[in-house]
file coords-v4.pdb (PDB, C-alpha atoms, pLDDT in the B column)
ATOM      1  CA  MET A 287       0.000   0.000   0.000  1.00 90.00           C
ATOM      2  CA  THR A 288       2.831   2.384   0.824  1.00 92.00           C
ATOM      3  CA  LEU A 289       4.606   1.738  -2.475  1.00 90.00           C
ATOM      4  CA  GLY A 290       1.371   2.340  -4.340  1.00 89.00           C
ATOM      5  CA  GLU A 291       0.709   5.616  -2.509  1.00 92.00           C
ATOM      6  CA  LEU A 292       4.267   6.839  -3.115  1.00 93.00           C
ATOM      7  CA  ALA A 293       4.142   5.908  -6.803  1.00 90.00           C
ATOM      8  CA  ARG A 294       0.915   7.858  -7.269  1.00 89.00           C
ATOM      9  CA  THR A 295       2.303  10.847  -5.366  1.00 91.00           C
ATOM     10  CA  VAL A 296       5.375  11.113  -7.587  1.00 91.00           C
ATOM     11  CA  VAL A 297       3.723  10.332 -10.912  1.00 88.00           C
ATOM     12  CA  ILE A 298       0.645  12.520 -10.471  1.00 86.00           C
ATOM     13  CA  ALA A 299       2.981  15.400  -9.540  1.00 85.00           C
ATOM     14  CA  GLY A 300       4.739  14.963 -12.899  1.00 87.00           C
ATOM     15  CA  GLY A 301       7.867  13.208 -11.662  1.00 90.00           C
ATOM     16  CA  ASP A 302       9.599  10.043 -12.843  1.00 92.00           C
ATOM     17  CA  LEU A 303      10.174   6.922 -10.766  1.00 93.00           C
ATOM     18  CA  TYR A 304      13.535   5.161 -11.005  1.00 95.00           C
ATOM     19  CA  TYR A 305      13.519   1.600  -9.736  1.00 91.00           C
ATOM     20  CA  GLY A 306      16.519  -0.711  -9.740  1.00 90.00           C
ATOM     21  CA  GLY A 307      15.602  -4.355  -9.496  1.00 80.00           C
ATOM     22  CA  HIS A 308      14.444  -7.133 -11.772  1.00 78.00           C
ATOM     23  CA  LEU A 309      11.524  -7.909 -14.066  1.00 76.00           C
ATOM     24  CA  GLN A 310      10.127 -11.031 -12.432  1.00 74.00           C
ATOM     25  CA  PRO A 311       6.314 -11.287 -12.638  1.00 69.00           C
ATOM     26  CA  GLU A 312       5.977 -11.409  -8.846  1.00 73.00           C
ATOM     27  CA  GLY A 313       8.296  -8.447  -8.268  1.00 78.00           C
ATOM     28  CA  ILE A 314       7.876  -4.756  -7.498  1.00 83.00           C
ATOM     29  CA  THR A 315       8.155  -3.763 -11.166  1.00 79.00           C
ATOM     30  CA  ALA A 316       4.934  -5.613 -12.018  1.00 80.00           C
ATOM     31  CA  PHE A 317       3.216  -4.026  -9.032  1.00 84.00           C
ATOM     32  CA  LEU A 318       4.294  -0.517 -10.071  1.00 84.00           C
ATOM     33  CA  ILE A 319       3.103  -1.089 -13.635  1.00 81.00           C
ATOM     34  CA  ASP A 320      -0.302  -2.157 -12.309  1.00 82.00           C
ATOM     35  CA  GLU A 321      -0.445   1.078 -10.319  1.00 80.00           C
ATOM     36  CA  LEU A 322       0.467   3.135 -13.382  1.00 81.00           C
ATOM     37  CA  HIS A 323      -2.234   1.414 -15.415  1.00 79.00           C
ATOM     38  CA  ARG A 324      -4.727   2.663 -12.858  1.00 79.00           C
ATOM     39  CA  TYR A 325      -3.425   6.158 -12.153  1.00 72.00           C
ATOM     40  CA  GLY A 326      -0.369   6.941 -14.243  1.00 64.00           C
ATOM     41  CA  ARG A 327       0.634   8.941 -17.251  1.00 77.00           C
ATOM     42  CA  ARG A 328       1.363   7.369 -20.617  1.00 84.00           C
ATOM     43  CA  ASP A 329       4.750   8.993 -21.191  1.00 90.00           C
ATOM     44  CA  ARG A 330       6.795   6.204 -19.610  1.00 90.00           C
ATOM     45  CA  PRO A 331       7.317   7.726 -16.139  1.00 92.00           C
ATOM     46  CA  LEU A 332       8.716   4.457 -14.737  1.00 91.00           C
ATOM     47  CA  LYS A 333      12.415   3.840 -15.447  1.00 94.00           C
ATOM     48  CA  VAL A 334      13.342   0.246 -14.657  1.00 93.00           C
ATOM     49  CA  CYS A 335      17.128   0.135 -14.335  1.00 95.00           C
ATOM     50  CA  LEU A 336      18.713  -3.287 -14.764  1.00 95.00           C
ATOM     51  CA  ALA A 337      22.228  -4.049 -13.567  1.00 94.00           C
ATOM     52  CA  TRP A 338      24.511  -5.901 -15.977  1.00 95.00           C
ATOM     53  CA  THR A 339      24.286  -9.115 -13.978  1.00 93.00           C
ATOM     54  CA  VAL A 340      20.462  -8.951 -14.078  1.00 92.00           C
ATOM     55  CA  HIS A 341      19.693  -8.327 -17.743  1.00 93.00           C
ATOM     56  CA  ARG A 342      22.488 -10.638 -18.964  1.00 93.00           C
ATOM     57  CA  ARG A 343      20.599 -13.510 -17.330  1.00 92.00           C
ATOM     58  CA  MET A 344      17.537 -12.733 -19.452  1.00 90.00           C
ATOM     59  CA  SER A 345      16.822 -14.134 -22.897  1.00 89.00           C
ATOM     60  CA  ALA A 346      15.872 -11.916 -25.841  1.00 89.00           C
ATOM     61  CA  GLU A 347      12.339 -13.319 -25.618  1.00 90.00           C
ATOM     62  CA  GLN A 348      12.034 -12.393 -21.939  1.00 88.00           C
ATOM     63  CA  ILE A 349      13.256  -8.859 -22.607  1.00 90.00           C
ATOM     64  CA  ALA A 350      10.834  -8.412 -25.521  1.00 91.00           C
ATOM     65  CA  GLU A 351       7.965  -9.667 -23.361  1.00 88.00           C
ATOM     66  CA  GLN A 352       8.812  -7.213 -20.570  1.00 86.00           C
ATOM     67  CA  ASN A 353       9.156  -4.293 -22.997  1.00 87.00           C
ATOM     68  CA  GLU A 354       5.679  -5.094 -24.269  1.00 87.00           C
ATOM     69  CA  PHE A 355       4.382  -5.324 -20.701  1.00 83.00           C
ATOM     70  CA  LEU A 356       5.815  -1.905 -19.825  1.00 85.00           C
ATOM     71  CA  GLY A 357       4.254  -0.374 -22.928  1.00 84.00           C
ATOM     72  CA  LEU A 358       3.560   3.351 -22.573  1.00 86.00           C
ATOM     73  CA  PHE A 359       4.086   3.294 -18.818  1.00 88.00           C
ATOM     74  CA  GLY A 360       7.776   2.577 -18.518  1.00 90.00           C
ATOM     75  CA  GLU A 361      11.088   1.851 -20.169  1.00 92.00           C
ATOM     76  CA  ILE A 362      14.070  -0.352 -19.394  1.00 94.00           C
ATOM     77  CA  HIS A 363      17.536   1.109 -18.897  1.00 96.00           C
ATOM     78  CA  PHE A 364      20.148  -1.576 -19.568  1.00 96.00           C
ATOM     79  CA  LEU A 365      23.419  -0.905 -17.750  1.00 97.00           C
ATOM     80  CA  ALA A 366      27.010  -1.929 -18.394  1.00 96.00           C
ATOM     81  CA  PRO A 367      29.133  -3.534 -15.636  1.00 93.00           C
ATOM     82  CA  ASP A 368      30.329  -0.054 -14.570  1.00 94.00           C
ATOM     83  CA  GLY A 369      26.799   1.363 -14.452  1.00 96.00           C
ATOM     84  CA  LYS A 370      26.870   3.311 -17.719  1.00 97.00           C
ATOM     85  CA  ARG A 371      23.709   3.080 -19.811  1.00 97.00           C
ATOM     86  CA  LEU A 372      23.809   0.882 -22.890  1.00 96.00           C
ATOM     87  CA  ASP A 373      21.880   1.541 -26.091  1.00 94.00           C
ATOM     88  CA  GLY A 374      19.938  -1.664 -25.505  1.00 92.00           C
ATOM     89  CA  PRO A 375      20.296  -5.287 -24.414  1.00 90.00           C
ATOM     90  CA  VAL A 376      23.435  -7.151 -25.391  1.00 89.00           C
ATOM     91  CA  GLU A 377      23.023  -9.592 -28.250  1.00 84.00           C
ATOM     92  CA  GLY A 378      24.129 -13.178 -27.870  1.00 79.00           C
ATOM     93  CA  ALA A 379      23.633 -15.997 -25.423  1.00 72.00           C
ATOM     94  CA  GLN A 380      22.517 -15.106 -21.934  1.00 81.00           C
ATOM     95  CA  GLN A 381      24.940 -15.632 -19.069  1.00 85.00           C
ATOM     96  CA  GLU A 382      23.725 -17.866 -16.270  1.00 80.00           C
ATOM     97  CA  ASP A 383      25.915 -16.841 -13.356  1.00 86.00           C
ATOM     98  CA  PHE A 384      28.503 -14.303 -12.221  1.00 90.00           C
ATOM     99  CA  PRO A 385      31.153 -14.242  -9.486  1.00 91.00           C
ATOM    100  CA  ALA A 386      30.084 -12.524  -6.268  1.00 88.00           C
ATOM    101  CA  GLU A 387      32.548  -9.666  -6.824  1.00 90.00           C
ATOM    102  CA  GLU A 388      31.132  -8.972 -10.283  1.00 92.00           C
ATOM    103  CA  ARG A 389      27.566  -8.993  -8.965  1.00 91.00           C
ATOM    104  CA  ALA A 390      28.475  -6.536  -6.211  1.00 90.00           C
ATOM    105  CA  ALA A 391      30.301  -4.208  -8.619  1.00 93.00           C
ATOM    106  CA  ALA A 392      27.369  -4.237 -11.059  1.00 94.00           C
ATOM    107  CA  LEU A 393      24.928  -3.350  -8.271  1.00 93.00           C
ATOM    108  CA  THR A 394      27.151  -0.456  -7.206  1.00 93.00           C
ATOM    109  CA  GLY A 395      27.189   0.745 -10.822  1.00 95.00           C
ATOM    110  CA  LEU A 396      23.396   0.515 -10.911  1.00 95.00           C
ATOM    111  CA  ARG A 397      23.052   2.612  -7.773  1.00 95.00           C
ATOM    112  CA  GLU A 398      25.506   5.219  -9.034  1.00 96.00           C
ATOM    113  CA  TYR A 399      23.553   5.507 -12.288  1.00 97.00           C
ATOM    114  CA  MET A 400      20.258   5.953 -10.480  1.00 96.00           C
ATOM    115  CA  THR A 401      21.675   8.543  -8.089  1.00 96.00           C
ATOM    116  CA  GLY A 402      23.098  10.520 -10.988  1.00 96.00           C
ATOM    117  CA  ASN A 403      19.729  10.626 -12.752  1.00 96.00           C
ATOM    118  CA  THR A 404      17.403  11.465  -9.873  1.00 95.00           C
ATOM    119  CA  SER A 405      16.736  14.484  -7.663  1.00 93.00           C
ATOM    120  CA  ALA A 406      15.787  12.784  -4.389  1.00 95.00           C
ATOM    121  CA  ARG A 407      15.610   9.332  -2.822  1.00 96.00           C
ATOM    122  CA  ILE A 408      12.696   7.712  -0.977  1.00 96.00           C
ATOM    123  CA  VAL A 409      13.713   4.879   1.359  1.00 96.00           C
ATOM    124  CA  VAL A 410      11.457   2.277   3.011  1.00 95.00           C
ATOM    125  CA  GLY A 411      12.396  -0.977   4.781  1.00 93.00           C
ATOM    126  CA  GLY A 412      15.382  -2.883   3.393  1.00 91.00           C
ATOM    127  CA  LYS A 413      17.334  -6.050   4.147  1.00 89.00           C
ATOM    128  CA  ARG A 414      19.551  -6.151   7.233  1.00 87.00           C
ATOM    129  CA  ALA A 415      20.979  -9.562   6.290  1.00 85.00           C
ATOM    130  CA  GLY A 416      21.199 -11.862   3.290  1.00 85.00           C
ATOM    131  CA  PHE A 417      22.298  -9.072   0.958  1.00 83.00           C
ATOM    132  CA  GLU A 418      24.890  -9.102  -1.811  1.00 77.00           C
ATOM    133  CA  GLY A 419      27.810  -6.707  -1.877  1.00 76.00           C
ATOM    134  CA  LYS A 420      29.990  -4.926   0.626  1.00 82.00           C
ATOM    135  CA  MET A 421      27.020  -3.412   2.494  1.00 90.00           C
ATOM    136  CA  PRO A 422      23.202  -3.500   2.337  1.00 92.00           C
ATOM    137  CA  GLY A 423      21.941  -2.007  -0.903  1.00 92.00           C
ATOM    138  CA  ILE A 424      19.901   0.733   0.762  1.00 94.00           C
ATOM    139  CA  VAL A 425      22.880   1.804   2.875  1.00 96.00           C
ATOM    140  CA  GLU A 426      24.966   2.162  -0.277  1.00 96.00           C
ATOM    141  CA  GLU A 427      22.159   4.071  -2.014  1.00 96.00           C
ATOM    142  CA  VAL A 428      21.821   6.561   0.833  1.00 97.00           C
ATOM    143  CA  LEU A 429      25.612   6.851   0.996  1.00 97.00           C
ATOM    144  CA  LEU A 430      25.688   7.849  -2.684  1.00 97.00           C
ATOM    145  CA  SER A 431      22.904  10.368  -2.071  1.00 97.00           C
ATOM    146  CA  LEU A 432      24.830  11.980   0.776  1.00 97.00           C
ATOM    147  CA  GLU A 433      27.995  12.173  -1.312  1.00 97.00           C
ATOM    148  CA  ARG A 434      25.999  14.161  -3.915  1.00 96.00           C
ATOM    149  CA  ARG A 435      24.175  16.208  -1.236  1.00 96.00           C
ATOM    150  CA  GLN A 436      20.867  14.809  -2.421  1.00 96.00           C
ATOM    151  CA  PRO A 437      17.705  15.053  -0.277  1.00 96.00           C
ATOM    152  CA  VAL A 438      16.543  11.792   1.272  1.00 97.00           C
ATOM    153  CA  TYR A 439      13.151  10.787   2.667  1.00 98.00           C
ATOM    154  CA  LEU A 440      13.578   8.050   5.276  1.00 98.00           C
ATOM    155  CA  SER A 441      10.423   6.211   6.308  1.00 96.00           C
ATOM    156  CA  GLY A 442      11.349   4.096   9.323  1.00 94.00           C
ATOM    157  CA  GLY A 443       8.019   2.788  10.575  1.00 93.00           C
ATOM    158  CA  PHE A 444       8.446  -0.529   8.760  1.00 93.00           C
ATOM    159  CA  GLY A 445      11.851  -1.098  10.342  1.00 91.00           C
ATOM    160  CA  GLY A 446      14.558  -2.777   8.294  1.00 91.00           C
ATOM    161  CA  VAL A 447      17.837  -1.136   7.423  1.00 94.00           C
ATOM    162  CA  THR A 448      16.074   2.225   6.908  1.00 96.00           C
ATOM    163  CA  LEU A 449      15.558   2.387  10.657  1.00 94.00           C
ATOM    164  CA  ASP A 450      19.266   1.607  11.196  1.00 94.00           C
ATOM    165  CA  ILE A 451      20.130   4.520   8.912  1.00 97.00           C
ATOM    166  CA  ILE A 452      17.876   6.903  10.833  1.00 97.00           C
ATOM    167  CA  ARG A 453      19.376   5.707  14.120  1.00 95.00           C
ATOM    168  CA  THR A 454      22.835   6.432  12.717  1.00 96.00           C
ATOM    169  CA  LEU A 455      22.145   9.868  11.237  1.00 97.00           C
ATOM    170  CA  ARG A 456      19.491  11.198  13.630  1.00 96.00           C
ATOM    171  CA  PRO A 457      19.361   8.958  16.722  1.00 94.00           C
ATOM    172  CA  GLU A 458      17.016  11.384  18.484  1.00 94.00           C
ATOM    173  CA  PHE A 459      14.373  10.569  15.840  1.00 94.00           C
ATOM    174  CA  THR A 460      14.198   6.941  17.007  1.00 91.00           C
ATOM    175  CA  GLU A 461      13.907   7.398  20.766  1.00 86.00           C
ATOM    176  CA  TRP A 462      10.319   6.136  20.486  1.00 78.00           C
ATOM    177  CA  LEU A 463      11.471   2.625  19.546  1.00 78.00           C
ATOM    178  CA  PRO A 464      12.942   0.287  22.192  1.00 73.00           C
ATOM    179  CA  GLN A 465      15.890  -1.896  21.295  1.00 70.00           C
ATOM    180  CA  GLU A 466      14.817  -5.360  20.193  1.00 67.00           C
ATOM    181  CA  ALA A 467      15.534  -7.896  22.905  1.00 63.00           C
ATOM    182  CA  GLY A 468      17.459 -10.944  21.740  1.00 66.00           C
ATOM    183  CA  ALA A 469      18.105  -9.573  18.253  1.00 68.00           C
ATOM    184  CA  PRO A 470      20.897 -11.371  16.379  1.00 73.00           C
ATOM    185  CA  GLU A 471      24.241  -9.629  16.087  1.00 81.00           C
ATOM    186  CA  ALA A 472      24.351  -7.310  13.092  1.00 84.00           C
ATOM    187  CA  ASP A 473      26.248  -8.363   9.980  1.00 88.00           C
ATOM    188  CA  PRO A 474      29.712  -6.713  10.142  1.00 91.00           C
ATOM    189  CA  ARG A 475      29.146  -5.338   6.639  1.00 92.00           C
ATOM    190  CA  LEU A 476      26.046  -3.538   7.921  1.00 94.00           C
ATOM    191  CA  THR A 477      27.940  -2.079  10.868  1.00 94.00           C
ATOM    192  CA  GLU A 478      30.798  -0.943   8.636  1.00 95.00           C
ATOM    193  CA  GLY A 479      28.388   0.529   6.089  1.00 95.00           C
ATOM    194  CA  LEU A 480      26.564   2.536   8.743  1.00 96.00           C
ATOM    195  CA  GLY A 481      29.892   3.772  10.062  1.00 96.00           C
ATOM    196  CA  ARG A 482      30.849   4.929   6.582  1.00 96.00           C
ATOM    197  CA  LEU A 483      27.463   6.621   6.237  1.00 96.00           C
ATOM    198  CA  ASN A 484      28.031   8.630   9.407  1.00 96.00           C
ATOM    199  CA  GLN A 485      31.555   9.532   8.275  1.00 97.00           C
ATOM    200  CA  VAL A 486      30.333  10.876   4.918  1.00 97.00           C
ATOM    201  CA  ALA A 487      27.526  12.853   6.590  1.00 97.00           C
ATOM    202  CA  VAL A 488      30.112  14.578   8.808  1.00 97.00           C
ATOM    203  CA  GLU A 489      32.590  15.159   5.973  1.00 96.00           C
ATOM    204  CA  LYS A 490      29.952  16.594   3.620  1.00 96.00           C
ATOM    205  CA  GLY A 491      28.018  18.443   6.305  1.00 96.00           C
ATOM    206  CA  TRP A 492      24.937  16.789   4.828  1.00 96.00           C
ATOM    207  CA  ASP A 493      22.775  14.002   6.233  1.00 96.00           C
ATOM    208  CA  GLY A 494      19.957  14.204   3.672  1.00 96.00           C
ATOM    209  CA  PHE A 495      17.377  15.640   6.054  1.00 97.00           C
ATOM    210  CA  THR A 496      17.491  19.042   4.346  1.00 95.00           C
ATOM    211  CA  ASN A 497      14.567  17.855   2.236  1.00 96.00           C
ATOM    212  CA  SER A 498      12.056  20.726   2.648  1.00 95.00           C
ATOM    213  CA  LEU A 499      10.418  18.990   5.610  1.00 97.00           C
ATOM    214  CA  SER A 500      10.645  20.399   9.118  1.00 96.00           C
ATOM    215  CA  ASP A 501      12.314  18.457  11.931  1.00 96.00           C
ATOM    216  CA  ASP A 502       8.875  17.555  13.270  1.00 96.00           C
ATOM    217  CA  GLU A 503       7.782  16.290   9.843  1.00 97.00           C
ATOM    218  CA  ASN A 504      10.964  14.234   9.441  1.00 97.00           C
ATOM    219  CA  ARG A 505      10.417  12.799  12.929  1.00 96.00           C
ATOM    220  CA  LEU A 506       6.906  11.798  11.925  1.00 97.00           C
ATOM    221  CA  LEU A 507       8.145  10.253   8.664  1.00 97.00           C
ATOM    222  CA  ALA A 508      10.798   8.337  10.616  1.00 96.00           C
ATOM    223  CA  ALA A 509       8.118   6.726  12.787  1.00 95.00           C
ATOM    224  CA  SER A 510       5.078   6.400  10.526  1.00 95.00           C
ATOM    225  CA  TYR A 511       3.777   3.126   9.132  1.00 93.00           C
ATOM    226  CA  ARG A 512       0.604   4.672   7.644  1.00 96.00           C
ATOM    227  CA  PRO A 513       0.771   4.677   3.822  1.00 96.00           C
ATOM    228  CA  SER A 514      -1.296   7.834   3.356  1.00 95.00           C
ATOM    229  CA  GLU A 515       0.719   9.727   5.967  1.00 97.00           C
ATOM    230  CA  ILE A 516       4.058   8.646   4.473  1.00 97.00           C
ATOM    231  CA  SER A 517       3.049   9.636   0.941  1.00 96.00           C
ATOM    232  CA  ALA A 518       1.605  12.959   2.138  1.00 96.00           C
ATOM    233  CA  LEU A 519       4.864  13.854   3.900  1.00 97.00           C
ATOM    234  CA  VAL A 520       7.035  12.827   0.943  1.00 96.00           C
ATOM    235  CA  GLY A 521       4.737  14.686  -1.437  1.00 95.00           C
ATOM    236  CA  ARG A 522       4.905  17.808   0.707  1.00 95.00           C
ATOM    237  CA  GLY A 523       8.693  17.706   0.765  1.00 95.00           C
ATOM    238  CA  LEU A 524       9.066  17.060  -2.958  1.00 93.00           C
ATOM    239  CA  GLY A 525       6.476  19.729  -3.753  1.00 91.00           C
ATOM    240  CA  LYS A 526       8.481  22.370  -1.894  1.00 89.00           C
ATOM    241  CA  LEU A 527      11.808  21.050  -3.148  1.00 82.00           C
ATOM    242  CA  LEU A 528      10.955  20.906  -6.848  1.00 71.00           C
ATOM    243  CA  PRO A 529       8.336  23.597  -7.541  1.00 60.00           C
ATOM    244  CA  GLU A 530       9.170  23.586 -11.249  1.00 52.00           C
TER
END
call {"tool": "encode", "arguments": {"input": "coords-v4.pdb", "output": "structure tokens"}}
result
Amino acid sequence: MTLGELARTVVIAGGDLYYGGHLQPEGITAFLIDELHRYGRRDRPLKVCLAWTVHRRMSAEQIAEQNEFLGLFGEIHFLAPDGKRLDGPVEGAQQEDFPAEERAAALTGLREYMTGNTSARIVVGGKRAGFEGKMPGIVEEVLLSLERRQPVYLSGGFGGVTLDIIRTLRPEFTEWLPQEAGAPEADPRLTEGLGRLNQVAVEKGWDGFTNSLSDDENRLLAASYRPSEISALVGRGLGKLLPE
């Protein structure tokens, strides 16, 4: 429900949605397309960005089917291993598997591409364990946003790594939530990633909360789990941030 509300907020306001993931029928891409069919514009506002190690696993038939499914509501951005956009999918046999290091590097390239082509980042939930790469994907995404002094909207009411990020950058915003008793020890890559996040925020003098919301509004966003409230706060911030 929250993803649907946020998608409508951005698209109805005339913005584009960049999503980095995959094109599986049960995934978020299919859900977003369904939302756009109901409420969206027909000028391809959804940009589905596929890392090298994702689209190289797909056959030409699968890619053609997904392009048809996206239709007038979205387009696929195929990325090279370093995150640069390709003219289209690579011809030839699909590749079944990649080394872990190559997968991690391709995901970093994906996140760099998306950060360079967007004006703000909306963050909800996120894996705290079982992730690929040197740190959780959302931590790396927020890190890239801070390095570019990009506004960030952190919705922490659903927990996950987003709540860890808020605790790191603005611990006073999470005083409402008690520590979880008996929680497993955090993955060292998560701990290191959060440490790097705090370091960059200090070095840049920017923690992403300069997003046209007041401290009280950011506190509310950090705690809310109500879809309509989250989308209203994000919409208010984006509306003030990008009046054009």
call {"tool": "closest_residue", "arguments": {"input": "coords-v4.pdb", "among": "A:Asp501, A:Asp373, A:Glu427, A:Asp383", "to": "A:Thr404", "atoms": "all atoms listed in the file"}}
result
A:Glu427
call {"tool": "closest_residue", "arguments": {"input": "coords-v4.pdb", "among": "A:Ala386, A:Met421, A:Leu303, A:Ala379", "to": "A:Arg330", "atoms": "all atoms listed in the file"}}
result
A:Leu303
call {"tool": "resolve_selection", "arguments": {"input": "coords-v4.pdb", "expression": "the PyMOL selection byres ((chain A and resi 528) around 12)", "output": "list of chain:residue names"}}
result
A:Val296, A:Ala299, A:Gly300, A:Gly301, A:Thr404, A:Ser405, A:Ala406, A:Pro437, A:Asn497, A:Ser498, A:Val520, A:Gly521, A:Arg522, A:Gly523, A:Leu524, A:Gly525, A:Lys526, A:Leu527, A:Pro529, A:Glu530
call {"tool": "residues_near_point", "arguments": {"input": "coords-v4.pdb", "point": "(16.3, 1.4, -14.3)", "cutoff": "9 Å", "atoms": "all atoms listed in the file", "output": "ChimeraX atom specification"}}
result
/A:303-307,332-337,361-365,396,399-400
call {"tool": "write_last_selection", "arguments": {"input": "coords-v4.pdb", "atoms": "C-alpha atoms", "output": "PDB file, in the coordinates of the input"}}
result
ATOM      1  CA  LEU A 303      10.174   6.922 -10.766  1.00 93.00           C
ATOM      2  CA  TYR A 304      13.535   5.161 -11.005  1.00 95.00           C
ATOM      3  CA  TYR A 305      13.519   1.600  -9.736  1.00 91.00           C
ATOM      4  CA  GLY A 306      16.519  -0.711  -9.740  1.00 90.00           C
ATOM      5  CA  GLY A 307      15.602  -4.355  -9.496  1.00 80.00           C
ATOM      6  CA  LEU A 332       8.716   4.457 -14.737  1.00 91.00           C
ATOM      7  CA  LYS A 333      12.415   3.840 -15.447  1.00 94.00           C
ATOM      8  CA  VAL A 334      13.342   0.246 -14.657  1.00 93.00           C
ATOM      9  CA  CYS A 335      17.128   0.135 -14.335  1.00 95.00           C
ATOM     10  CA  LEU A 336      18.713  -3.287 -14.764  1.00 95.00           C
ATOM     11  CA  ALA A 337      22.228  -4.049 -13.567  1.00 94.00           C
ATOM     12  CA  GLU A 361      11.088   1.851 -20.169  1.00 92.00           C
ATOM     13  CA  ILE A 362      14.070  -0.352 -19.394  1.00 94.00           C
ATOM     14  CA  HIS A 363      17.536   1.109 -18.897  1.00 96.00           C
ATOM     15  CA  PHE A 364      20.148  -1.576 -19.568  1.00 96.00           C
ATOM     16  CA  LEU A 365      23.419  -0.905 -17.750  1.00 97.00           C
ATOM     17  CA  LEU A 396      23.396   0.515 -10.911  1.00 95.00           C
ATOM     18  CA  TYR A 399      23.553   5.507 -12.288  1.00 97.00           C
ATOM     19  CA  MET A 400      20.258   5.953 -10.480  1.00 96.00           C
TER      20      MET A 400
END
call {"tool": "resolve_selection", "arguments": {"input": "coords-v4.pdb", "expression": "the PyMOL selection byres ((chain A and resi 327-329) around 8)", "output": "PyMOL selection string"}}
result
chain A and resi 297-298+322+325-326+330-331+358-360
call {"tool": "resolve_selection", "arguments": {"input": "coords-v4.pdb", "expression": "the PyMOL selection byres ((chain A and resi 392) around 7)", "output": "PyMOL selection string"}}
result
chain A and resi 337-339+367-369+388-391+393-396
call {"tool": "residues_around", "arguments": {"input": "coords-v4.pdb", "residues": "A:Gly411", "least_positions_apart": "6", "cutoff": "10 Å", "atoms": "only C-alpha atoms", "output": "PyMOL selection string"}}
result
chain A and resi 424+440-450
call {"tool": "atom_distance", "arguments": {"input": "coords-v4.pdb", "atom1": "atom CA of A:Leu372", "atom2": "atom CA of A:Glu398"}}
result
14.6 Å
call {"tool": "residues_around", "arguments": {"input": "coords-v4.pdb", "residues": "A:Thr454", "least_positions_apart": "3", "cutoff": "10 Å", "atoms": "all atoms listed in the file", "output": "JSON, numbers by chain"}}
result
{"A": [448, 449, 450, 451, 457, 458, 459, 460, 480, 481, 483, 484, 493]}
